[in-house]
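Working notes, structure below.
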Amino acid sequence: MNCPRCQHSDFVKNGRINAKQRYKCKDCDYQWTENHTYRGRPVAEKALAVFLYCHGLSMNAIAKMLHASPSTILSWIRTFGGEHAKPPEPQETGAVVLELDEMWHYLKKKTNKRWIWKALCRDTGALIAWECGDRDKATLERLIGRLEKWNVKVYYADAWQVYASVLPREKLVQTKAETHGIERNNCRMRHGFGRFKRKSIIVSKCLEMVNLTVALFARFRVNGDVAEILKIGHTQPNIII
């Protein structure tokens, strides 16, 4: 017998409840009783929900397919994204060349615009940083702050005037001819997720989910393979998260 949560084999007896022996894991402090039955949906099913979300389905559609509520699907996506959709860390590969661009989005209604600023590494094709906010200097400064740990050699961007007010002149090249990669990345994100399509009935209601969706896109559609989501679901123990 192993711990139902972490599968660790080191546990101790921890009293009895309703005439059943109770155990406690020495590794994660999880407690369970004999004849333990799992609660909640299998992790593989939750991973499937995230997999479908990353292919453009709405949370309402996924909820109907898996016979769950939309709020439950939202909770699964939030938990999975928080655990597995982390931005990449800098590699010891010397200087990097970045393409910068901003794409528009909105919350609840199109008059409430938000801009998603992104930084794409030209050498690896990885989406290494992003920031959501207004199309202004403050948002770009937050993005550049995320890039401080990277050894950036050149920034390629379009002619939007905010770039010149924030980035060093010797590192900035403003021309649409050098931003094909990030423009293509924007198109892929609009195509891959229902909330980012220009004409869609899927509407973003909070900035948190916009950030989380970009993180899932970066981790599993740009920097990795979306099939990894299902592998994660099959390798983790079947417990509620």
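Numbering starts fresh at 1 for the residues of each chain in the structure tokens, the chains themselves are lettered A, B, ... in the order given, and ligands are numbered from 1 as they appear.
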Write out as a PyMOL selection string each polymer residue whose atoms come within 12 Å of A:Ile73, counting only C-alpha atoms; drop sequence neighbours fewer than 3 positions from it. chain A and resi 41+45-53+57-70+76-80
Please produce, as a Markdown table, a per-residue contact table for stretch 192-212 of chain A versus stretch 101-116 of chain A (criterion: any atom at most 8 Å away, only C-alpha atoms considered), showing the nearest atom pair and its distance in Å to one decimal, sorted by chain then residue number.
| residue | atom | partner | partner_atom | distance |
| --- | --- | --- | --- | --- |
| A:Phe196 | CA | A:His105 | CA | 6.9 |
| A:Val203 | CA | A:Lys108 | CA | 5.9 |
| A:Ser204 | CA | A:Leu107 | CA | 5.1 |
| A:Lys205 | CA | A:Lys108 | CA | 5.3 |
| A:Cys206 | CA | A:Leu107 | CA | 6.5 |
| A:Leu207 | CA | A:Leu107 | CA | 7.4 |
Determine which residues of stretch 54-100 of chain A DSSP labels as strand (DSSP E) from the backbone of this structure, then write them out as a ChimeraX atom specification. /A:96-100
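Minimum atom-to-atom distances from A:Pro42, A:Gly81, A:Gly94, A:Gly125 to A:Thr213 were compared using only C-alpha atoms, and the lowest value belongs to A:Gly81.
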For atom CA of A:Ala159 and atom CA of A:Gln174, quote the distance in Å rounded to one decimal.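 Computed distance, atom CA of A:Ala159 to atom CA of A:Gln174, equals 5.4 Å.
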Excluding A:Thr175 and residues on its chain fewer than 3 positions from it, collect all residues at most 7 Å away from it, counting only C-alpha atoms, and give them as an mmCIF file with all heavy atoms, in the first residue's frame.
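Everything below was put into out.cif:
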data_model
loop_
_atom_site.group_PDB
_atom_site.id
_atom_site.type_symbol
_atom_site.label_atom_id
_atom_site.label_comp_id
_atom_site.auth_asym_id
_atom_site.auth_seq_id
_atom_site.Cartn_x
_atom_site.Cartn_y
_atom_site.Cartn_z
ATOM 1 N N ALA A 157 11.172 45.261 -33.317
ATOM 2 C CA ALA A 157 9.802 45.661 -33.043
ATOM 3 C C ALA A 157 9.270 46.482 -34.207
ATOM 4 O O ALA A 157 10.014 46.857 -35.126
ATOM 5 C CB ALA A 157 9.729 46.466 -31.752
ATOM 6 N N ASP A 158 7.966 46.763 -34.166
ATOM 7 C CA ASP A 158 7.383 47.605 -35.200
ATOM 8 C C ASP A 158 7.614 49.078 -34.850
ATOM 9 O O ASP A 158 8.362 49.399 -33.927
ATOM 10 C CB ASP A 158 5.892 47.287 -35.385
ATOM 11 C CG ASP A 158 5.095 47.436 -34.096
ATOM 12 O OD1 ASP A 158 5.518 48.219 -33.215
ATOM 13 O OD2 ASP A 158 4.057 46.763 -33.954
ATOM 14 N N ALA A 159 6.929 49.959 -35.547
ATOM 15 C CA ALA A 159 7.197 51.393 -35.396
ATOM 16 C C ALA A 159 6.401 52.059 -34.278
ATOM 17 O O ALA A 159 6.383 53.294 -34.198
ATOM 18 C CB ALA A 159 6.898 52.100 -36.723
ATOM 19 N N GLU A 178 11.292 42.618 -39.820
ATOM 20 C CA GLU A 178 12.000 41.704 -38.917
ATOM 21 C C GLU A 178 11.106 41.138 -37.813
ATOM 22 O O GLU A 178 11.606 40.600 -36.829
ATOM 23 C CB GLU A 178 13.190 42.425 -38.284
ATOM 24 C CG GLU A 178 14.245 42.892 -39.268
ATOM 25 C CD GLU A 178 15.017 41.736 -39.887
ATOM 26 O OE1 GLU A 178 14.913 40.603 -39.370
ATOM 27 O OE2 GLU A 178 15.716 41.967 -40.897
#
